[in-house]
Amino acid sequence: MSYNSLSGSIPNSFSNLTRLRRLSLSKNSFTGPVTSSIGSLSRLQELFLDNNKFTGSIPESFNGLINLNRFELQQNNISGELPNLNQLGNLIFLDLSNNRLAGNFFTTNLPDSMIELSIRNNYLHGEFPLNFEELKFLQVLDLSHNLFSGMIPAVLFHHSSLQQLTLSYNNFTFLQVPEDLVLRSKLIAIDLSYNNLHGLLPAFMASMPELSALNLEHNKFTGVIPIQFAVKVVAPRNHTASFERLLLGGNYLFGPIPGPLMGLKPGSGNISLVDNCLYMCPDSVYICHGGYQKSLLDCKKFGPRIP
């Protein structure tokens, strides 16, 4: 019944549909709390309640949806803390984006069956959980546009199955470097832009064999651009993906541009070094096109001591 103009609340009589496998009420104008009676539909496999005007919290009764494998509740006004859904042992896809969820993020509240998880654009805060490896099948994680702070743990970079990691638009300040090699990493795309990450660029990411898209824009990284990044763009090692997207703009990187990058031409990849403190990065150079370098005064804040 999606894509209609249905309004009001979901009737409790839906609980009579005990053999229901799929319920889609997306893109209507439903309001009020999500009825807890849906939690009695134990055969339900797919539940779509997205793009409505639901308020209140996610009912605890939803732990009764033991066969649910896809749950979409994005684009509503759901509030409260992330509920405990660890009884949903068949859940593989969960989207709670664009709501008003707050509180801490605990992986123990989620079943280890998860493959794709999106809770972007909410009000989750606190530090990222260190026991993230418990979600051992997860491939896609999007927690962007929240209020997370502190450290991005190294466990994310040698996770056994994670392919896409998006933590942009938060308040992370530190990126933990893995102690062991990340050659077994499955990550294809990482977006850590628009945080407050300090220190040197994470050179270890150039060793990730599958990584082809890296966005570290608008942080407070300093130091020189690692030569490993340039090599991965121009001439990656055998059986290693090249950087097709490398966005480093809006930081405090200084020094010369690594030689292998200077010869890049338009169309050879999405590479951007604008808005840094780099020596000789004119707009005429492809990877510097579209923006200026920072002023000397701005560069003194985080860059090296400049006479």
# chains A, B, ... in the order shown; residues from 1 in each chain; ligands from 1
call {"tool": "closest_atom_pairs", "arguments": {"of": "region 241-279 of chain A", "to": "region 199-223 of chain A", "cutoff": "12 Å", "atoms": "only C-alpha atoms", "output": "Markdown table"}}
result
| residue | atom | partner | partner_atom | distance |
| --- | --- | --- | --- | --- |
| A:Ala241 | CA | A:Glu210 | CA | 5.2 |
| A:Ser242 | CA | A:Ser212 | CA | 5.5 |
| A:Phe243 | CA | A:Ser212 | CA | 4.3 |
| A:Glu244 | CA | A:Ser212 | CA | 5.4 |
| A:Arg245 | CA | A:Ala213 | CA | 4.5 |
| A:Leu246 | CA | A:Leu214 | CA | 5.1 |
| A:Leu247 | CA | A:Asn215 | CA | 4.7 |
| A:Leu248 | CA | A:Glu217 | CA | 4.8 |
| A:Gly249 | CA | A:Glu217 | CA | 4.8 |
| A:Gly250 | CA | A:His218 | CA | 4.2 |
| A:Asn251 | CA | A:Lys220 | CA | 5.0 |
| A:Tyr252 | CA | A:Thr222 | CA | 4.7 |
| A:Leu253 | CA | A:Thr222 | CA | 4.5 |
| A:Phe254 | CA | A:Gly223 | CA | 5.8 |
| A:Gly255 | CA | A:Gly223 | CA | 7.6 |
| A:Pro256 | CA | A:Gly223 | CA | 10.6 |
| A:Ile257 | CA | A:Gly223 | CA | 11.6 |
| A:Gly269 | CA | A:Ala213 | CA | 10.1 |
| A:Asn270 | CA | A:Ala213 | CA | 9.1 |
| A:Ile271 | CA | A:Leu214 | CA | 9.8 |
| A:Ser272 | CA | A:Glu217 | CA | 9.0 |
| A:Leu273 | CA | A:Glu217 | CA | 8.9 |
| A:Val274 | CA | A:Glu217 | CA | 9.4 |
| A:Asp275 | CA | A:His218 | CA | 8.8 |
| A:Asn276 | CA | A:Thr222 | CA | 9.0 |
| A:Cys277 | CA | A:Thr222 | CA | 8.9 |
| A:Leu278 | CA | A:Gly223 | CA | 9.8 |
call {"tool": "select_by_dssp", "arguments": {"residues": "region 70-225 of chain A", "states": "strand (DSSP E)", "output": "JSON, numbers by chain"}}
result
{"A": [70, 71, 72, 79, 80, 81, 93, 94, 95, 100, 101, 102, 103, 116, 117, 118, 123, 124, 125, 126, 140, 141, 142, 147, 148, 149, 150, 151, 152, 164, 165, 166, 171, 172, 173, 174, 175, 189, 190, 191, 198, 199, 200, 213, 214, 215, 220, 221, 222, 223]}
call {"tool": "closest_residue", "arguments": {"among": "A:Ser295, A:Ser144, A:Asn51, A:Thr107", "to": "Leu130 (chain A)", "atoms": "only C-alpha atoms"}}
result
A:Thr107
call {"tool": "residues_around", "arguments": {"residues": "Ser2 (chain A)", "least_positions_apart": "3", "cutoff": "10 Å", "atoms": "only C-alpha atoms", "output": "ChimeraX atom specification"}}
result
/A:5-6,23-28,48-51
call {"tool": "select_by_dssp", "arguments": {"residues": "region 6-247 of chain A", "states": "helix (DSSP H, G or I)", "output": "number ranges by chain"}}
result
A: 12-16, 36-40, 60-64, 107-109, 132-134, 154-158, 203-207, 227-234
call {"tool": "write_last_selection", "arguments": {"atoms": "N, CA, C and O atoms", "output": "compact mmCIF listing (two decimals), in the first residue's frame"}}
result
# COMPACT_ATOMS: atom_id res chain seq x y z
N ASN A 12 -4.55 -1.49 14.70
CA ASN A 12 -4.11 -2.67 15.44
C ASN A 12 -4.56 -3.97 14.78
O ASN A 12 -3.99 -5.04 15.02
N SER A 13 -5.58 -3.88 13.95
CA SER A 13 -6.12 -5.09 13.31
C SER A 13 -5.13 -5.73 12.35
O SER A 13 -5.33 -6.87 11.92
N PHE A 14 -4.04 -5.04 12.03
CA PHE A 14 -3.00 -5.67 11.21
C PHE A 14 -2.46 -6.93 11.90
O PHE A 14 -1.95 -7.83 11.23
N SER A 15 -2.58 -6.98 13.21
CA SER A 15 -2.07 -8.15 13.94
C SER A 15 -2.85 -9.42 13.61
O SER A 15 -2.39 -10.52 13.92
N ASN A 16 -4.02 -9.28 12.97
CA ASN A 16 -4.80 -10.45 12.57
C ASN A 16 -4.22 -11.14 11.33
O ASN A 16 -4.58 -12.28 11.03
N SER A 36 2.53 -1.35 18.27
CA SER A 36 3.28 -2.50 18.77
C SER A 36 2.68 -3.81 18.31
O SER A 36 3.33 -4.86 18.38
N SER A 37 1.43 -3.77 17.80
CA SER A 37 0.76 -5.01 17.40
C SER A 37 1.46 -5.67 16.21
O SER A 37 1.34 -6.89 16.00
N ILE A 38 2.22 -4.89 15.43
CA ILE A 38 2.96 -5.48 14.31
C ILE A 38 3.97 -6.51 14.81
O ILE A 38 4.31 -7.47 14.12
N GLY A 39 4.42 -6.34 16.04
CA GLY A 39 5.41 -7.25 16.61
C GLY A 39 4.91 -8.68 16.76
O GLY A 39 5.71 -9.59 17.00
N SER A 40 3.61 -8.90 16.61
CA SER A 40 3.07 -10.26 16.73
C SER A 40 3.07 -11.00 15.40
O SER A 40 2.71 -12.19 15.36
N GLU A 60 9.28 -2.33 21.61
CA GLU A 60 10.05 -3.50 22.04
C GLU A 60 9.46 -4.79 21.50
O GLU A 60 10.17 -5.79 21.35
N SER A 61 8.17 -4.75 21.18
CA SER A 61 7.51 -5.96 20.67
C SER A 61 8.09 -6.41 19.33
O SER A 61 7.89 -7.56 18.91
N PHE A 62 8.84 -5.53 18.67
CA PHE A 62 9.41 -5.89 17.37
C PHE A 62 10.44 -7.00 17.50
O PHE A 62 10.84 -7.60 16.49
N ASN A 63 10.90 -7.30 18.70
CA ASN A 63 11.79 -8.44 18.90
C ASN A 63 11.08 -9.76 18.62
O ASN A 63 11.71 -10.81 18.53
N GLY A 64 9.75 -9.70 18.49
CA GLY A 64 8.99 -10.90 18.14
C GLY A 64 9.00 -11.20 16.65
O GLY A 64 8.51 -12.25 16.23
N THR A 107 26.69 -2.30 19.61
CA THR A 107 26.55 -3.41 18.67
C THR A 107 25.80 -4.57 19.31
O THR A 107 25.21 -5.39 18.60
N THR A 108 25.79 -4.64 20.63
CA THR A 108 25.07 -5.72 21.30
C THR A 108 23.56 -5.59 21.12
O THR A 108 22.82 -6.54 21.40
N ASN A 109 23.10 -4.43 20.66
CA ASN A 109 21.67 -4.24 20.40
C ASN A 109 21.25 -4.76 19.04
O ASN A 109 20.07 -4.68 18.68
N PHE A 132 33.09 -4.13 17.62
CA PHE A 132 32.39 -4.10 16.35
C PHE A 132 32.54 -5.40 15.57
O PHE A 132 31.70 -5.73 14.74
N GLU A 133 33.59 -6.16 15.84
CA GLU A 133 33.82 -7.41 15.12
C GLU A 133 32.70 -8.43 15.34
O GLU A 133 32.59 -9.39 14.59
N GLU A 134 31.87 -8.21 16.36
CA GLU A 134 30.77 -9.13 16.61
C GLU A 134 29.77 -9.14 15.45
O GLU A 134 29.09 -10.14 15.23
N ALA A 154 40.65 0.77 15.14
CA ALA A 154 41.35 0.04 14.09
C ALA A 154 40.59 -1.19 13.63
O ALA A 154 40.78 -1.65 12.49
N VAL A 155 39.70 -1.71 14.48
CA VAL A 155 38.97 -2.93 14.13
C VAL A 155 38.18 -2.76 12.84
O VAL A 155 37.94 -3.73 12.11
N LEU A 156 37.80 -1.53 12.50
CA LEU A 156 37.03 -1.29 11.29
C LEU A 156 37.84 -1.58 10.03
O LEU A 156 37.29 -1.91 8.97
N PHE A 157 39.16 -1.46 10.14
CA PHE A 157 40.00 -1.53 8.95
C PHE A 157 40.54 -2.93 8.66
O PHE A 157 41.16 -3.14 7.63
N HIS A 158 40.33 -3.86 9.58
CA HIS A 158 40.66 -5.24 9.26
C HIS A 158 39.47 -6.16 9.54
O HIS A 158 39.63 -7.35 9.83
N ALA A 203 48.71 6.35 6.19
CA ALA A 203 49.39 5.74 5.05
C ALA A 203 49.05 4.26 4.89
O ALA A 203 49.11 3.73 3.78
N PHE A 204 48.65 3.60 5.99
CA PHE A 204 48.34 2.17 5.92
C PHE A 204 47.19 1.88 4.96
O PHE A 204 47.06 0.77 4.44
N MET A 205 46.33 2.87 4.71
CA MET A 205 45.18 2.64 3.83
C MET A 205 45.60 2.36 2.39
O MET A 205 44.85 1.78 1.62
N ALA A 206 46.81 2.80 2.02
CA ALA A 206 47.31 2.49 0.68
C ALA A 206 47.61 1.00 0.53
O ALA A 206 47.76 0.52 -0.60
N SER A 207 47.69 0.27 1.62
CA SER A 207 47.96 -1.17 1.56
C SER A 207 46.70 -2.01 1.47
O SER A 207 46.79 -3.23 1.35
N ILE A 227 53.87 8.98 -0.06
CA ILE A 227 54.16 8.52 -1.41
C ILE A 227 53.34 7.27 -1.74
O ILE A 227 53.02 7.01 -2.91
N GLN A 228 52.97 6.50 -0.70
CA GLN A 228 52.15 5.30 -0.93
C GLN A 228 50.81 5.65 -1.57
O GLN A 228 50.27 4.90 -2.38
N PHE A 229 50.24 6.81 -1.20
CA PHE A 229 48.97 7.25 -1.80
C PHE A 229 49.16 7.51 -3.29
O PHE A 229 48.33 7.12 -4.12
N ALA A 230 50.26 8.19 -3.63
CA ALA A 230 50.52 8.51 -5.03
C ALA A 230 50.73 7.25 -5.86
O ALA A 230 50.22 7.15 -6.99
N VAL A 231 51.44 6.29 -5.31
CA VAL A 231 51.70 5.05 -6.03
C VAL A 231 50.39 4.29 -6.26
O VAL A 231 50.17 3.72 -7.34
N LYS A 232 49.52 4.29 -5.27
CA LYS A 232 48.24 3.57 -5.42
C LYS A 232 47.34 4.23 -6.47
O LYS A 232 46.49 3.58 -7.07
N VAL A 233 47.52 5.52 -6.69
CA VAL A 233 46.77 6.21 -7.73
C VAL A 233 47.32 5.86 -9.11
O VAL A 233 46.57 5.53 -10.04
N VAL A 234 48.63 5.92 -9.26
CA VAL A 234 49.27 5.85 -10.57
C VAL A 234 49.67 4.44 -10.97
O VAL A 234 49.43 3.99 -12.09
call {"tool": "atom_distance", "arguments": {"atom1": "CA of Val140 (chain A)", "atom2": "CA of Ile119 (chain A)"}}
result
11.2 Å
call {"tool": "closest_residue", "arguments": {"among": "A:Pro282, A:Gly263, A:Pro178, A:Gly32", "to": "Phe54 (chain A)", "atoms": "only C-alpha atoms"}}
result
A:Gly32
call {"tool": "atom_distance", "arguments": {"atom1": "CA of Lys186 (chain A)", "atom2": "CA of Ser160 (chain A)"}}
result
6.8 Å
call {"tool": "closest_residue", "arguments": {"among": "A:Pro258, A:Ser168, A:Arg19, A:Met114", "to": "Leu41 (chain A)", "atoms": "only C-alpha atoms"}}
result
A:Arg19
call {"tool": "closest_residue", "arguments": {"among": "A:Gly80, A:Gln87, A:Asn170, A:Ser149", "to": "Arg120 (chain A)", "atoms": "only C-alpha atoms"}}
result
A:Asn170
call {"tool": "atom_distance", "arguments": {"atom1": "CA of Leu192 (chain A)", "atom2": "CA of Pro226 (chain A)"}}
result
17.6 Å
call {"tool": "closest_residue", "arguments": {"among": "A:Leu68, A:Ser97, A:Gly103, A:Ile188", "to": "Leu85 (chain A)", "atoms": "only C-alpha atoms"}}
result
A:Leu68
call {"tool": "residues_around", "arguments": {"residues": "Glu46 (chain A)", "least_positions_apart": "2", "cutoff": "10 Å", "atoms": "only C-alpha atoms", "output": "list in words"}}
result
Leu20, Arg21, Arg22, Leu23, Ser24, Arg43, Leu44, Phe48, Leu65, Asn67, Leu68, Asn69, Arg70, Phe71, Glu72, Leu91 and Phe93 of chain A
call {"tool": "closest_residue", "arguments": {"among": "A:Pro33, A:Pro266, A:Pro11, A:Gly126", "to": "Asn146 (chain A)", "atoms": "only C-alpha atoms"}}
result
A:Gly126
